[in-house]
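Listing of my_file.txt; format and content: compact mmCIF, C-alpha atoms (C1' of nucleotides).
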```txt
# COMPACT_ATOMS: atom_id res chain seq x y z
CA MET A 1 4.60 -211.14 6.60
CA MET A 2 2.80 -208.04 5.44
CA THR A 3 -0.03 -206.52 7.41
CA ASP A 4 -3.32 -205.96 5.64
CA VAL A 5 -5.03 -202.60 5.46
CA LYS A 6 -7.86 -203.60 7.80
CA GLN A 7 -5.42 -204.52 10.52
CA ALA A 8 -3.45 -201.31 10.09
CA LEU A 9 -6.69 -199.36 10.44
CA ALA A 10 -7.54 -201.29 13.59
CA LEU A 11 -4.17 -200.30 14.98
CA THR A 12 -4.77 -196.62 14.32
CA ARG A 13 -8.19 -196.82 15.94
CA ALA A 14 -6.75 -198.56 18.99
CA VAL A 15 -4.06 -195.88 19.30
CA ARG A 16 -6.66 -193.11 19.16
CA GLY A 17 -8.78 -194.81 21.81
CA CYS A 18 -5.82 -195.41 24.09
CA PHE A 19 -4.66 -191.85 23.81
CA ASN A 20 -7.98 -190.43 24.92
CA ARG A 21 -8.22 -192.77 27.89
CA LEU A 22 -4.62 -192.17 28.90
CA LYS A 23 -5.24 -188.46 28.81
CA ALA A 24 -8.38 -188.80 30.93
CA VAL A 25 -6.58 -190.91 33.52
CA ALA A 26 -3.53 -188.62 33.61
CA ASP A 27 -5.75 -185.56 34.01
CA SER A 28 -7.62 -187.16 36.89
CA LEU A 29 -4.28 -187.87 38.59
CA HIS A 30 -2.69 -184.46 38.20
CA LEU A 31 -5.60 -182.12 38.75
CA GLU A 32 -4.53 -180.80 42.11
CA HIS A 33 -0.97 -179.71 41.39
CA GLY A 34 -1.91 -176.57 39.49
CA VAL A 35 0.09 -177.90 36.59
CA THR A 36 -1.65 -178.12 33.22
CA GLY A 37 -1.06 -180.91 30.73
CA GLY A 38 1.07 -178.63 28.60
CA MET A 39 3.22 -177.56 31.55
CA ARG A 40 3.62 -181.18 32.56
CA ALA A 41 4.72 -182.12 29.03
CA VAL A 42 7.39 -179.40 29.08
CA MET A 43 8.60 -180.63 32.47
CA GLU A 44 8.81 -184.14 31.04
CA ALA A 45 10.88 -182.91 28.10
CA LEU A 46 13.26 -181.15 30.49
CA ASP A 47 13.43 -184.14 32.81
CA GLU A 48 14.27 -186.48 29.97
CA GLY A 49 16.30 -184.23 27.70
CA GLY A 50 18.03 -182.01 30.26
CA GLU A 51 18.28 -178.25 29.85
CA GLN A 52 17.09 -176.99 26.49
CA THR A 53 16.04 -173.79 24.80
CA VAL A 54 12.38 -173.01 24.15
CA PRO A 55 12.62 -173.51 20.38
CA ALA A 56 14.37 -176.85 20.92
CA ILE A 57 11.51 -178.10 23.08
CA ALA A 58 9.01 -176.84 20.51
CA ARG A 59 10.73 -178.66 17.68
CA SER A 60 10.90 -181.93 19.61
CA LYS A 61 7.18 -181.72 20.32
CA ARG A 62 6.21 -180.40 16.87
CA VAL A 63 4.41 -177.36 18.20
CA THR A 64 5.18 -173.67 17.77
CA ARG A 65 7.89 -172.04 19.85
CA GLN A 66 5.35 -169.37 20.88
CA HIS A 67 3.21 -171.99 22.53
CA ILE A 68 6.12 -173.50 24.45
CA GLN A 69 7.25 -170.00 25.40
CA VAL A 70 3.96 -169.36 27.17
CA LEU A 71 4.14 -172.67 29.01
CA VAL A 72 7.75 -172.03 30.04
CA ASN A 73 6.80 -168.55 31.27
CA ASP A 74 4.06 -170.12 33.38
CA LEU A 75 6.55 -172.63 34.76
CA LEU A 76 9.03 -169.82 35.52
CA GLU A 77 6.33 -167.94 37.40
CA ALA A 78 5.53 -171.08 39.37
CA GLY A 79 9.22 -171.51 40.20
CA LEU A 80 9.31 -174.94 38.60
CA VAL A 81 11.92 -174.11 35.97
CA ASP A 82 14.82 -171.69 35.79
CA THR A 83 16.88 -170.04 33.04
CA ARG A 84 20.63 -170.01 32.53
CA PRO A 85 22.44 -167.86 29.97
CA ASN A 86 23.05 -169.86 26.84
CA PRO A 87 26.72 -169.66 25.79
CA ALA A 88 25.70 -170.68 22.27
CA ASP A 89 22.92 -168.10 21.82
CA GLN A 90 22.43 -165.00 23.89
CA ARG A 91 18.78 -164.57 22.82
CA SER A 92 17.65 -167.98 23.94
CA PRO A 93 18.47 -169.03 27.52
CA LEU A 94 18.66 -172.66 28.55
CA ILE A 95 15.63 -173.84 30.51
CA SER A 96 15.99 -176.44 33.26
CA LEU A 97 13.91 -177.82 36.11
CA THR A 98 14.51 -176.23 39.50
CA ARG A 99 14.81 -178.35 42.62
CA LYS A 100 11.14 -177.64 43.24
CA GLY A 101 10.27 -178.62 39.68
CA ARG A 102 12.21 -181.87 39.86
CA ASP A 103 10.56 -182.71 43.18
CA LEU A 104 7.09 -182.02 41.88
CA PHE A 105 7.71 -184.01 38.73
CA ALA A 106 9.00 -186.89 40.84
CA ARG A 107 5.88 -186.70 43.02
CA MET A 108 3.67 -186.81 39.93
CA ARG A 109 5.59 -189.80 38.61
CA GLN A 110 5.21 -191.44 42.01
CA LYS A 111 1.48 -190.92 41.83
CA GLU A 112 1.36 -192.50 38.39
CA LYS A 113 3.33 -195.48 39.57
CA PRO A 114 0.58 -197.62 41.12
CA VAL A 115 -1.62 -196.99 38.09
CA VAL A 116 1.09 -197.96 35.65
CA ALA A 117 2.04 -200.93 37.82
CA ASP A 118 -1.58 -201.97 37.69
CA LEU A 119 -1.45 -201.77 33.92
CA ALA A 120 1.79 -203.72 33.87
CA ARG A 121 0.22 -206.51 35.89
CA ALA A 122 -2.53 -206.90 33.30
CA LEU A 123 -0.22 -207.14 30.31
CA ASP A 124 2.26 -209.67 29.03
CA ALA A 125 5.83 -208.38 28.94
CA HIS A 126 6.71 -209.88 25.59
CA ASP A 127 3.55 -208.60 23.95
CA VAL A 128 4.11 -205.13 25.35
CA ALA A 129 7.66 -205.14 24.01
CA THR A 130 6.30 -206.11 20.60
CA ALA A 131 3.66 -203.38 20.77
CA VAL A 132 6.26 -200.76 21.65
CA VAL A 133 8.40 -201.78 18.70
CA VAL A 134 5.41 -201.69 16.35
CA LEU A 135 4.41 -198.24 17.55
CA GLN A 136 7.96 -196.94 17.20
CA ARG A 137 8.16 -198.29 13.67
CA LEU A 138 4.82 -196.63 13.00
CA ASN A 139 6.16 -193.38 14.45
CA ASP A 140 9.23 -193.48 12.23
CA HIS A 141 7.11 -194.19 9.21
CA LEU A 142 4.72 -191.34 9.96
CA ASP A 143 7.65 -189.03 10.59
CA ALA A 144 9.07 -189.85 7.19
CA ARG A 145 5.71 -189.09 5.59
CA LEU A 146 5.34 -185.82 7.46
CA ARG A 147 8.81 -184.71 6.45
CA LYS A 148 8.08 -185.59 2.84
CA ARG A 149 4.84 -183.62 2.94
CA ILE A 150 6.60 -180.60 4.36
CA GLY A 151 9.27 -181.03 1.76
CA ASP A 152 6.61 -181.08 -0.99
CA GLY A 153 5.02 -177.93 0.29
CA SER A 154 8.08 -175.68 0.37
CA MET B 1 4.94 -212.90 32.34
CA MET B 2 4.36 -209.55 33.96
CA THR B 3 5.42 -206.32 32.35
CA ASP B 4 7.63 -203.97 34.33
CA VAL B 5 6.75 -200.38 35.02
CA LYS B 6 9.40 -198.96 32.70
CA GLN B 7 8.04 -200.90 29.78
CA ALA B 8 4.49 -199.86 30.53
CA LEU B 9 5.61 -196.21 30.57
CA ALA B 10 7.37 -196.71 27.25
CA LEU B 11 4.10 -198.01 25.84
CA THR B 12 2.16 -194.96 27.00
CA ARG B 13 4.80 -192.65 25.52
CA ALA B 14 4.71 -194.51 22.23
CA VAL B 15 0.91 -194.23 22.14
CA ARG B 16 1.05 -190.48 22.74
CA GLY B 17 3.65 -190.02 20.02
CA CYS B 18 1.70 -192.12 17.53
CA PHE B 19 -1.51 -190.26 18.21
CA ASN B 20 0.02 -186.88 17.45
CA ARG B 21 1.61 -188.09 14.24
CA LEU B 22 -1.55 -189.87 13.11
CA LYS B 23 -3.50 -186.70 13.70
CA ALA B 24 -1.00 -184.63 11.72
CA VAL B 25 -1.10 -187.05 8.80
CA ALA B 26 -4.91 -187.29 8.84
CA ASP B 27 -5.22 -183.50 8.96
CA SER B 28 -2.89 -183.13 6.00
CA LEU B 29 -5.04 -185.59 4.05
CA HIS B 30 -8.44 -184.09 4.79
CA LEU B 31 -7.77 -180.37 4.68
CA GLU B 32 -9.63 -179.61 1.49
CA HIS B 33 -13.02 -181.17 2.15
CA GLY B 34 -14.28 -178.44 4.48
CA VAL B 35 -14.84 -181.13 7.07
CA THR B 36 -13.26 -180.59 10.48
CA GLY B 37 -11.77 -183.38 12.56
CA GLY B 38 -14.79 -183.37 14.83
CA MET B 39 -17.22 -183.61 11.93
CA ARG B 40 -15.18 -186.43 10.47
CA ALA B 41 -15.25 -188.30 13.78
CA VAL B 42 -19.04 -188.04 13.92
CA MET B 43 -19.27 -189.29 10.34
CA GLU B 44 -17.06 -192.21 11.31
CA ALA B 45 -19.30 -193.06 14.26
CA LEU B 46 -22.35 -193.01 11.98
CA ASP B 47 -20.60 -195.04 9.28
CA GLU B 48 -19.56 -197.70 11.76
CA GLY B 49 -22.49 -197.68 14.17
CA GLY B 50 -25.36 -196.85 11.83
CA GLU B 51 -28.00 -194.25 12.68
CA GLN B 52 -27.79 -192.99 16.24
CA THR B 53 -29.04 -190.13 18.38
CA VAL B 54 -26.79 -187.23 19.32
CA PRO B 55 -26.49 -188.27 23.00
CA ALA B 56 -25.62 -191.82 21.94
CA ILE B 57 -22.72 -190.56 19.80
CA ALA B 58 -21.58 -188.33 22.66
CA ARG B 59 -21.55 -191.19 25.13
CA SER B 60 -19.60 -193.47 22.80
CA LYS B 61 -17.00 -190.75 22.32
CA ARG B 62 -16.96 -189.60 25.98
CA VAL B 63 -17.72 -186.00 25.16
CA THR B 64 -20.71 -183.81 26.00
CA ARG B 65 -23.89 -184.11 23.99
CA GLN B 66 -23.77 -180.33 23.44
CA HIS B 67 -20.51 -180.64 21.59
CA ILE B 68 -21.77 -183.42 19.34
CA GLN B 69 -24.96 -181.45 18.77
CA VAL B 70 -22.98 -178.58 17.28
CA LEU B 71 -21.03 -180.92 15.01
CA VAL B 72 -24.21 -182.67 13.88
CA ASN B 73 -25.85 -179.31 13.16
CA ASP B 74 -22.84 -178.39 11.02
CA LEU B 75 -23.11 -181.71 9.20
CA LEU B 76 -26.86 -181.16 8.67
CA GLU B 77 -26.17 -177.75 7.18
CA ALA B 78 -23.56 -179.29 4.89
CA GLY B 79 -26.08 -181.93 3.81
CA LEU B 80 -23.83 -184.74 4.95
CA VAL B 81 -26.23 -186.20 7.50
CA ASP B 82 -29.99 -186.33 7.83
CA THR B 83 -32.50 -186.83 10.64
CA ARG B 84 -35.30 -189.36 10.94
CA PRO B 85 -37.98 -189.29 13.64
CA ASN B 86 -36.98 -191.61 16.47
CA PRO B 87 -39.83 -194.00 17.31
CA ALA B 88 -38.28 -194.53 20.74
CA ASP B 89 -37.86 -190.86 21.67
CA GLN B 90 -39.60 -187.96 20.05
CA ARG B 91 -37.11 -185.40 21.39
CA SER B 92 -34.05 -187.02 19.88
CA PRO B 93 -34.14 -187.86 16.17
CA LEU B 94 -31.91 -190.54 14.68
CA ILE B 95 -28.95 -189.17 12.72
CA SER B 96 -27.62 -190.96 9.67
CA LEU B 97 -25.27 -190.24 6.79
CA THR B 98 -26.90 -189.01 3.60
CA ARG B 99 -25.87 -190.36 0.24
CA LYS B 100 -23.61 -187.34 -0.09
CA GLY B 101 -22.15 -187.97 3.37
CA ARG B 102 -21.49 -191.62 2.65
CA ASP B 103 -19.83 -190.73 -0.65
CA LEU B 104 -17.61 -188.10 0.93
CA PHE B 105 -16.64 -190.42 3.75
CA ALA B 106 -15.82 -193.13 1.24
CA ARG B 107 -13.70 -190.68 -0.73
CA MET B 108 -11.82 -189.72 2.42
CA ARG B 109 -11.25 -193.38 3.24
CA GLN B 110 -10.04 -193.94 -0.28
CA LYS B 111 -7.56 -191.14 0.16
CA GLU B 112 -6.27 -192.72 3.35
CA LYS B 113 -5.88 -196.08 1.71
CA PRO B 114 -2.48 -195.68 0.04
CA VAL B 115 -1.09 -194.19 3.24
CA VAL B 116 -2.40 -197.01 5.39
CA ALA B 117 -1.27 -199.57 2.83
CA ASP B 118 2.16 -198.01 3.00
CA LEU B 119 2.09 -198.43 6.76
CA ALA B 120 0.92 -202.01 6.39
CA ARG B 121 3.83 -202.79 4.11
CA ALA B 122 6.29 -201.63 6.77
CA LEU B 123 4.84 -203.70 9.61
CA ASP B 124 4.70 -207.39 10.43
CA ALA B 125 1.17 -208.76 10.52
CA HIS B 126 1.65 -210.90 13.58
CA ASP B 127 3.28 -208.09 15.53
CA VAL B 128 0.51 -205.69 14.58
CA ALA B 129 -2.10 -208.18 15.73
CA THR B 130 -0.27 -208.45 19.05
CA ALA B 131 -0.06 -204.67 19.36
CA VAL B 132 -3.79 -204.30 18.70
CA VAL B 133 -4.59 -206.85 21.38
CA VAL B 134 -2.29 -205.12 23.87
CA LEU B 135 -3.85 -201.75 23.17
CA GLN B 136 -7.34 -203.15 23.50
CA ARG B 137 -6.45 -204.73 26.82
CA LEU B 138 -5.00 -201.40 27.86
CA ASN B 139 -8.20 -199.68 26.78
CA ASP B 140 -10.34 -202.04 28.82
CA HIS B 141 -8.14 -201.56 31.82
CA LEU B 142 -8.23 -197.78 31.56
CA ASP B 143 -12.00 -197.89 31.08
CA ALA B 144 -12.36 -199.87 34.27
CA ARG B 145 -10.25 -197.31 36.11
CA LEU B 146 -12.20 -194.39 34.69
CA ARG B 147 -15.50 -195.97 35.65
CA LYS B 148 -14.22 -196.59 39.17
CA ARG B 149 -13.05 -192.98 39.48
CA ILE B 150 -16.43 -191.70 38.33
CA GLY B 151 -18.07 -194.10 40.76
CA ASP B 152 -15.91 -192.73 43.58
CA GLY B 153 -16.79 -189.16 42.74
CA SER B 154 -20.56 -189.45 42.74
C1' DG C 1 -53.42 -191.26 35.20
C1' DC C 2 -50.22 -188.26 37.78
C1' DC C 3 -46.26 -186.31 39.09
C1' DA C 4 -41.17 -185.95 40.32
C1' DG C 5 -36.91 -186.51 38.22
C1' DA C 6 -34.00 -187.60 34.17
C1' DA C 7 -32.83 -186.84 29.27
C1' DT C 8 -32.91 -183.86 25.26
C1' DG C 9 -32.27 -179.80 21.81
C1' DA C 10 -31.08 -175.12 21.69
C1' DC C 11 -28.42 -171.41 22.94
C1' DA C 12 -24.71 -168.86 25.37
C1' DA C 13 -20.50 -168.05 27.87
C1' DC C 14 -16.30 -169.67 28.70
C1' DC C 15 -11.78 -172.46 28.95
C1' DT C 16 -7.74 -174.77 27.11
C1' DT C 17 -4.60 -175.65 23.71
C1' DA C 18 -2.51 -174.24 19.93
C1' DT C 19 -1.70 -171.37 15.61
C1' DT C 20 -0.51 -167.24 12.90
C1' DG C 21 1.32 -162.69 12.55
C1' DT C 22 4.28 -158.98 13.90
C1' DC C 23 8.19 -156.39 15.99
C1' DA C 24 12.68 -155.54 17.73
C1' DA C 25 16.93 -157.76 19.01
C1' DT C 26 20.45 -161.17 18.26
C1' DA C 27 22.93 -164.80 15.24
C1' DT C 28 24.89 -166.64 11.15
C1' DG C 29 26.89 -167.29 6.62
C1' DT C 30 29.15 -165.18 2.89
C1' DA D 1 29.36 -155.62 6.58
C1' DC D 2 25.29 -157.08 5.18
C1' DA D 3 21.30 -160.14 4.03
C1' DT D 4 18.82 -163.73 6.12
C1' DA D 5 17.25 -166.59 9.84
C1' DT D 6 16.17 -167.24 14.68
C1' DT D 7 14.44 -165.72 18.97
C1' DG D 8 11.41 -163.58 22.86
C1' DA D 9 7.43 -160.91 23.51
C1' DC D 10 2.88 -159.74 22.62
C1' DA D 11 -1.70 -159.95 20.31
C1' DA D 12 -5.41 -161.89 17.64
C1' DT D 13 -7.53 -165.86 16.30
C1' DA D 14 -9.24 -170.66 15.81
C1' DA D 15 -10.62 -175.38 17.07
C1' DG D 16 -12.30 -178.45 20.26
C1' DG D 17 -14.54 -178.92 24.18
C1' DT D 18 -17.00 -177.80 28.88
C1' DT D 19 -20.55 -175.82 31.93
C1' DG D 20 -24.89 -173.71 32.69
C1' DT D 21 -29.66 -172.82 31.65
C1' DC D 22 -34.35 -173.19 29.66
C1' DA D 23 -38.36 -175.37 27.82
C1' DT D 24 -39.86 -179.77 26.22
C1' DT D 25 -40.37 -184.72 26.32
C1' DC D 26 -39.68 -189.16 28.56
C1' DT D 27 -39.73 -192.51 32.39
C1' DG D 28 -40.81 -194.88 36.58
C1' DG D 29 -43.18 -195.22 40.98
C1' DC D 30 -47.44 -194.55 43.02
```

If you convert what's in this file into structure tokens, what do you get?
Amino acid sequence: MMTDVKQALALTRAVRGCFNRLKAVADSLHLEHGVTGGMRAVMEALDEGGEQTVPAIARSKRVTRQHIQVLVNDLLEAGLVDTRPNPADQRSPLISLTRKGRDLFARMRQKEKPVVADLARALDAHDVATAVVVLQRLNDHLDARLRKRIGDGS
Amino acid sequence: MMTDVKQALALTRAVRGCFNRLKAVADSLHLEHGVTGGMRAVMEALDEGGEQTVPAIARSKRVTRQHIQVLVNDLLEAGLVDTRPNPADQRSPLISLTRKGRDLFARMRQKEKPVVADLARALDAHDVATAVVVLQRLNDHLDARLRKRIGDGS
DNA sequence: GCCAGAATGACAACCTTATTGTCAATATGT
DNA sequence: ACATATTGACAATAAGGTTGTCATTCTGGC
């Protein structure tokens, strides 16, 4: 059955609201580590995707490589990530989490755990699964539109 | 049935991803009107909530009144909103959309319509309804946590 | 009514996140 | 080999938002 426009709008509003609150909660949890939201997001990309180049991280997050470069430089200075020569491209080393970086990321995850578990307790598993599928479909759809737009422009 | 932690994390990731894509699509739609995202958000608040004071808008959006004040001043200059003396508080006039503001907002909505309708076509109504409920529950839960945190701090 | 304390508009300084532009060096396809 | 694209580095800029301050108005207890 097809969704009506009103419902689709309600979904987008709910997503926007959730995002802001999630950000506020995450910020309140990670204040003390000296790691900014951007740095944390890069660490997450490395934790999930393994070692990657700066431009690869930028593309996956749809931001400029210059922005990611700055964040990675900050992480390097903090000793949370390390570089390894890239056999495939000598300009662009592979970035990976150091032991220290992995440990810190694990500690941050650990800190999130009770909060997320608290959320989990309040929500029905089947409904959450449905919501995740809906949001992923929405993501794919939006991606297609964004690609088309970019395609139009060039 | 209770959701597990992994699923709850997947939900938060999906929300973050959706938000970014929604923002990108919305930006691409509203570039030409000379209305920034912030201004548009204030217009939305006024369209949905009727005339309000600046601090009231700020509170509903969890940002500082100073920030909203700047946006409202921009909107005033653009002739998109107007002020009316507030019988309840002489310092803080009531802000409302002008005819021009309402028309522009309607035009922007109209422009969104085919996009949202396209989304609606790709999604199942029942699933979307479930997703909206889940996200609203999530919102409430996060709100409770944020209030508690603020309560702790003071 | 009076007075302390809170809320408000106005203005300024600043921070964070992210973009665009540029340059020199390295890669890549033909 | 050569044109074109990609990359790291650096700088300038922009948007969105915060904090701080001042004078004014509002509110609640007395």

Kindly compute an axis-aligned box around the listed atoms of stretch 18-30 of chain D, allowing 4 Å on each side, and express its centre and edge lengths in Å to one decimal as JSON.
```
{"center_x": -32.2, "center_y": -184.0, "center_z": 34.6, "size_x": 38.4, "size_y": 30.4, "size_z": 24.8}
```

Per residue of chain B within 9 Å of chain D, note the shortest atom pair and the distance in Å to one decimal, counting all atoms listed in the file, and order the rows by chain and increasing residue number, as CSV.
```
residue,atom,partner,partner_atom,distance
B:Thr36,CA,D:DA15,C1',8.8
B:Gly38,CA,D:DG16,C1',7.7
B:Val63,CA,D:DG17,C1',7.8
B:Thr64,CA,D:DT18,C1',7.6
B:His67,CA,D:DG17,C1',6.7
B:Asp89,CA,D:DC26,C1',7.3
B:Gln90,CA,D:DT25,C1',7.1
B:Arg91,CA,D:DT25,C1',5.9
```

Please provide chain B as a CSV table (one decimal) with C-alpha atoms, in the coordinates of the input, once it has been superposed on chain A by least squares across all sequentially paired Cα atoms.
```
chain,number,residue,atom,x,y,z
B,1,MET,CA,4.6,-211.2,6.6
B,2,MET,CA,2.7,-208.1,5.4
B,3,THR,CA,-0.1,-206.6,7.4
B,4,ASP,CA,-3.4,-206.1,5.6
B,5,VAL,CA,-5.1,-202.7,5.5
B,6,LYS,CA,-7.9,-203.7,7.8
B,7,GLN,CA,-5.5,-204.6,10.5
B,8,ALA,CA,-3.5,-201.4,10.1
B,9,LEU,CA,-6.7,-199.4,10.5
B,10,ALA,CA,-7.6,-201.4,13.6
B,11,LEU,CA,-4.2,-200.4,15.0
B,12,THR,CA,-4.8,-196.7,14.3
B,13,ARG,CA,-8.2,-196.9,16.0
B,14,ALA,CA,-6.7,-198.6,19.0
B,15,VAL,CA,-4.1,-195.9,19.3
B,16,ARG,CA,-6.6,-193.2,19.2
B,17,GLY,CA,-8.8,-194.9,21.8
B,18,CYS,CA,-5.8,-195.5,24.1
B,19,PHE,CA,-4.6,-191.9,23.8
B,20,ASN,CA,-7.9,-190.5,24.9
B,21,ARG,CA,-8.2,-192.8,27.9
B,22,LEU,CA,-4.6,-192.2,28.9
B,23,LYS,CA,-5.2,-188.5,28.8
B,24,ALA,CA,-8.3,-188.9,30.9
B,25,VAL,CA,-6.5,-191.0,33.5
B,26,ALA,CA,-3.5,-188.7,33.6
B,27,ASP,CA,-5.8,-185.6,34.0
B,28,SER,CA,-7.6,-187.2,36.9
B,29,LEU,CA,-4.3,-187.9,38.6
B,30,HIS,CA,-2.7,-184.5,38.2
B,31,LEU,CA,-5.7,-182.2,38.8
B,32,GLU,CA,-4.6,-180.8,42.1
B,33,HIS,CA,-1.0,-179.6,41.4
B,34,GLY,CA,-2.0,-176.5,39.5
B,35,VAL,CA,0.1,-177.8,36.6
B,36,THR,CA,-1.7,-178.0,33.2
B,37,GLY,CA,-1.1,-180.8,30.7
B,38,GLY,CA,1.1,-178.5,28.6
B,39,MET,CA,3.2,-177.5,31.6
B,40,ARG,CA,3.6,-181.1,32.6
B,41,ALA,CA,4.7,-182.0,29.0
B,42,VAL,CA,7.4,-179.3,29.1
B,43,MET,CA,8.6,-180.6,32.5
B,44,GLU,CA,8.8,-184.1,31.1
B,45,ALA,CA,10.8,-182.8,28.1
B,46,LEU,CA,13.2,-181.1,30.5
B,47,ASP,CA,13.4,-184.1,32.9
B,48,GLU,CA,14.2,-186.5,30.0
B,49,GLY,CA,16.3,-184.2,27.8
B,50,GLY,CA,18.0,-182.0,30.3
B,51,GLU,CA,18.3,-178.2,29.9
B,52,GLN,CA,17.1,-177.0,26.5
B,53,THR,CA,16.1,-173.8,24.9
B,54,VAL,CA,12.4,-173.0,24.2
B,55,PRO,CA,12.7,-173.5,20.4
B,56,ALA,CA,14.4,-176.8,21.0
B,57,ILE,CA,11.5,-178.0,23.1
B,58,ALA,CA,9.0,-176.8,20.5
B,59,ARG,CA,10.8,-178.6,17.7
B,60,SER,CA,10.9,-181.9,19.6
B,61,LYS,CA,7.2,-181.6,20.3
B,62,ARG,CA,6.2,-180.3,16.9
B,63,VAL,CA,4.5,-177.2,18.2
B,64,THR,CA,5.2,-173.5,17.8
B,65,ARG,CA,7.9,-171.9,19.9
B,66,GLN,CA,5.4,-169.3,20.9
B,67,HIS,CA,3.3,-171.9,22.5
B,68,ILE,CA,6.1,-173.4,24.5
B,69,GLN,CA,7.3,-169.9,25.4
B,70,VAL,CA,4.0,-169.3,27.2
B,71,LEU,CA,4.2,-172.6,29.0
B,72,VAL,CA,7.8,-171.9,30.1
B,73,ASN,CA,6.9,-168.5,31.3
B,74,ASP,CA,4.1,-170.0,33.4
B,75,LEU,CA,6.6,-172.5,34.8
B,76,LEU,CA,9.1,-169.7,35.5
B,77,GLU,CA,6.4,-167.8,37.4
B,78,ALA,CA,5.5,-171.0,39.4
B,79,GLY,CA,9.2,-171.4,40.2
B,80,LEU,CA,9.3,-174.9,38.6
B,81,VAL,CA,11.9,-174.1,36.0
B,82,ASP,CA,14.8,-171.7,35.8
B,83,THR,CA,16.9,-170.0,33.1
B,84,ARG,CA,20.7,-170.0,32.6
B,85,PRO,CA,22.5,-167.9,30.1
B,86,ASN,CA,23.1,-169.9,26.9
B,87,PRO,CA,26.8,-169.7,25.9
B,88,ALA,CA,25.8,-170.7,22.4
B,89,ASP,CA,23.0,-168.1,21.9
B,90,GLN,CA,22.5,-165.0,24.0
B,91,ARG,CA,18.9,-164.6,22.8
B,92,SER,CA,17.7,-168.0,24.0
B,93,PRO,CA,18.5,-169.0,27.6
B,94,LEU,CA,18.7,-172.7,28.6
B,95,ILE,CA,15.7,-173.8,30.6
B,96,SER,CA,16.0,-176.4,33.3
B,97,LEU,CA,13.9,-177.8,36.2
B,98,THR,CA,14.5,-176.2,39.5
B,99,ARG,CA,14.8,-178.3,42.7
B,100,LYS,CA,11.1,-177.6,43.3
B,101,GLY,CA,10.2,-178.6,39.7
B,102,ARG,CA,12.2,-181.8,39.9
B,103,ASP,CA,10.5,-182.7,43.2
B,104,LEU,CA,7.0,-182.0,41.9
B,105,PHE,CA,7.7,-184.0,38.8
B,106,ALA,CA,8.9,-186.8,40.9
B,107,ARG,CA,5.8,-186.6,43.0
B,108,MET,CA,3.6,-186.8,40.0
B,109,ARG,CA,5.6,-189.8,38.6
B,110,GLN,CA,5.2,-191.4,42.0
B,111,LYS,CA,1.5,-190.9,41.8
B,112,GLU,CA,1.4,-192.5,38.4
B,113,LYS,CA,3.3,-195.5,39.6
B,114,PRO,CA,0.6,-197.6,41.1
B,115,VAL,CA,-1.6,-197.0,38.1
B,116,VAL,CA,1.1,-198.0,35.6
B,117,ALA,CA,2.1,-201.0,37.8
B,118,ASP,CA,-1.5,-202.0,37.7
B,119,LEU,CA,-1.4,-201.8,33.9
B,120,ALA,CA,1.8,-203.8,33.9
B,121,ARG,CA,0.3,-206.5,35.9
B,122,ALA,CA,-2.5,-206.9,33.3
B,123,LEU,CA,-0.2,-207.2,30.3
B,124,ASP,CA,2.3,-209.7,29.0
B,125,ALA,CA,5.9,-208.4,28.9
B,126,HIS,CA,6.7,-209.9,25.5
B,127,ASP,CA,3.6,-208.7,23.9
B,128,VAL,CA,4.1,-205.2,25.3
B,129,ALA,CA,7.7,-205.2,23.9
B,130,THR,CA,6.3,-206.2,20.5
B,131,ALA,CA,3.6,-203.4,20.7
B,132,VAL,CA,6.3,-200.8,21.6
B,133,VAL,CA,8.4,-201.8,18.6
B,134,VAL,CA,5.4,-201.7,16.3
B,135,LEU,CA,4.4,-198.3,17.5
B,136,GLN,CA,7.9,-197.0,17.1
B,137,ARG,CA,8.1,-198.4,13.6
B,138,LEU,CA,4.8,-196.7,12.9
B,139,ASN,CA,6.1,-193.5,14.4
B,140,ASP,CA,9.2,-193.6,12.1
B,141,HIS,CA,7.1,-194.3,9.1
B,142,LEU,CA,4.7,-191.4,9.9
B,143,ASP,CA,7.6,-189.1,10.5
B,144,ALA,CA,9.0,-189.9,7.1
B,145,ARG,CA,5.7,-189.2,5.5
B,146,LEU,CA,5.3,-185.9,7.4
B,147,ARG,CA,8.8,-184.8,6.4
B,148,LYS,CA,8.0,-185.6,2.8
B,149,ARG,CA,4.8,-183.7,2.9
B,150,ILE,CA,6.5,-180.7,4.3
B,151,GLY,CA,9.2,-181.1,1.7
B,152,ASP,CA,6.5,-181.1,-1.0
B,153,GLY,CA,4.9,-178.0,0.3
B,154,SER,CA,7.9,-175.7,0.4
```

Exercise for the section: Take atom CA of B:Ala122 and atom CA of A:Leu123 and report the distance between them in Å, one decimal. Expected result: 25.0 Å

Problem - Of the listed residues B:Val81, B:Leu104, B:Val133, B:Leu76, that which approaches chain A most closely, counting all atoms listed in the file - result: B:Val133

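Between atom CA of B:His141 and atom CA of A:Glu48 the interatomic distance comes to 27.1 Å.
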
Practice task
Output the contact residues of chain A with respect to chain B at a cut-off of 8 Å, based on only C-alpha atoms, as a PyMOL selection string.
Solution key: chain A and resi 1-5+7-12+14-19+21-22+24-25+113+116-117+119-132+134-139+141-143+145-146

Problem - Among listed residues B:Glu51, B:Gly37, B:Thr83, B:Ser92, nearest chain C (using all atoms listed in the file) - result: B:Ser92

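Distance-wise, atom CA of B:Asp82 and atom C1' of C:DC11 end up 21.3 Å apart.
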
Practice task
Write out as a PyMOL selection string every residue belonging to chain B that has an atom at most 12 Å from any atom of chain C, counting all atoms listed in the file.
Solution key: chain B and resi 53-56+65-70+72-73+89-93

Exercise for the section: Please provide the set of residues having any atom within 12 Å of A:Gly101, restricted to all atoms listed in the file, with same-chain residues fewer than 2 positions apart removed, written as JSON, numbers by chain. Expected result: {"A": [33, 35, 39, 40, 42, 43, 44, 46, 47, 72, 75, 76, 77, 78, 79, 80, 81, 82, 95, 96, 97, 98, 99, 103, 104, 105, 106, 107, 108]}
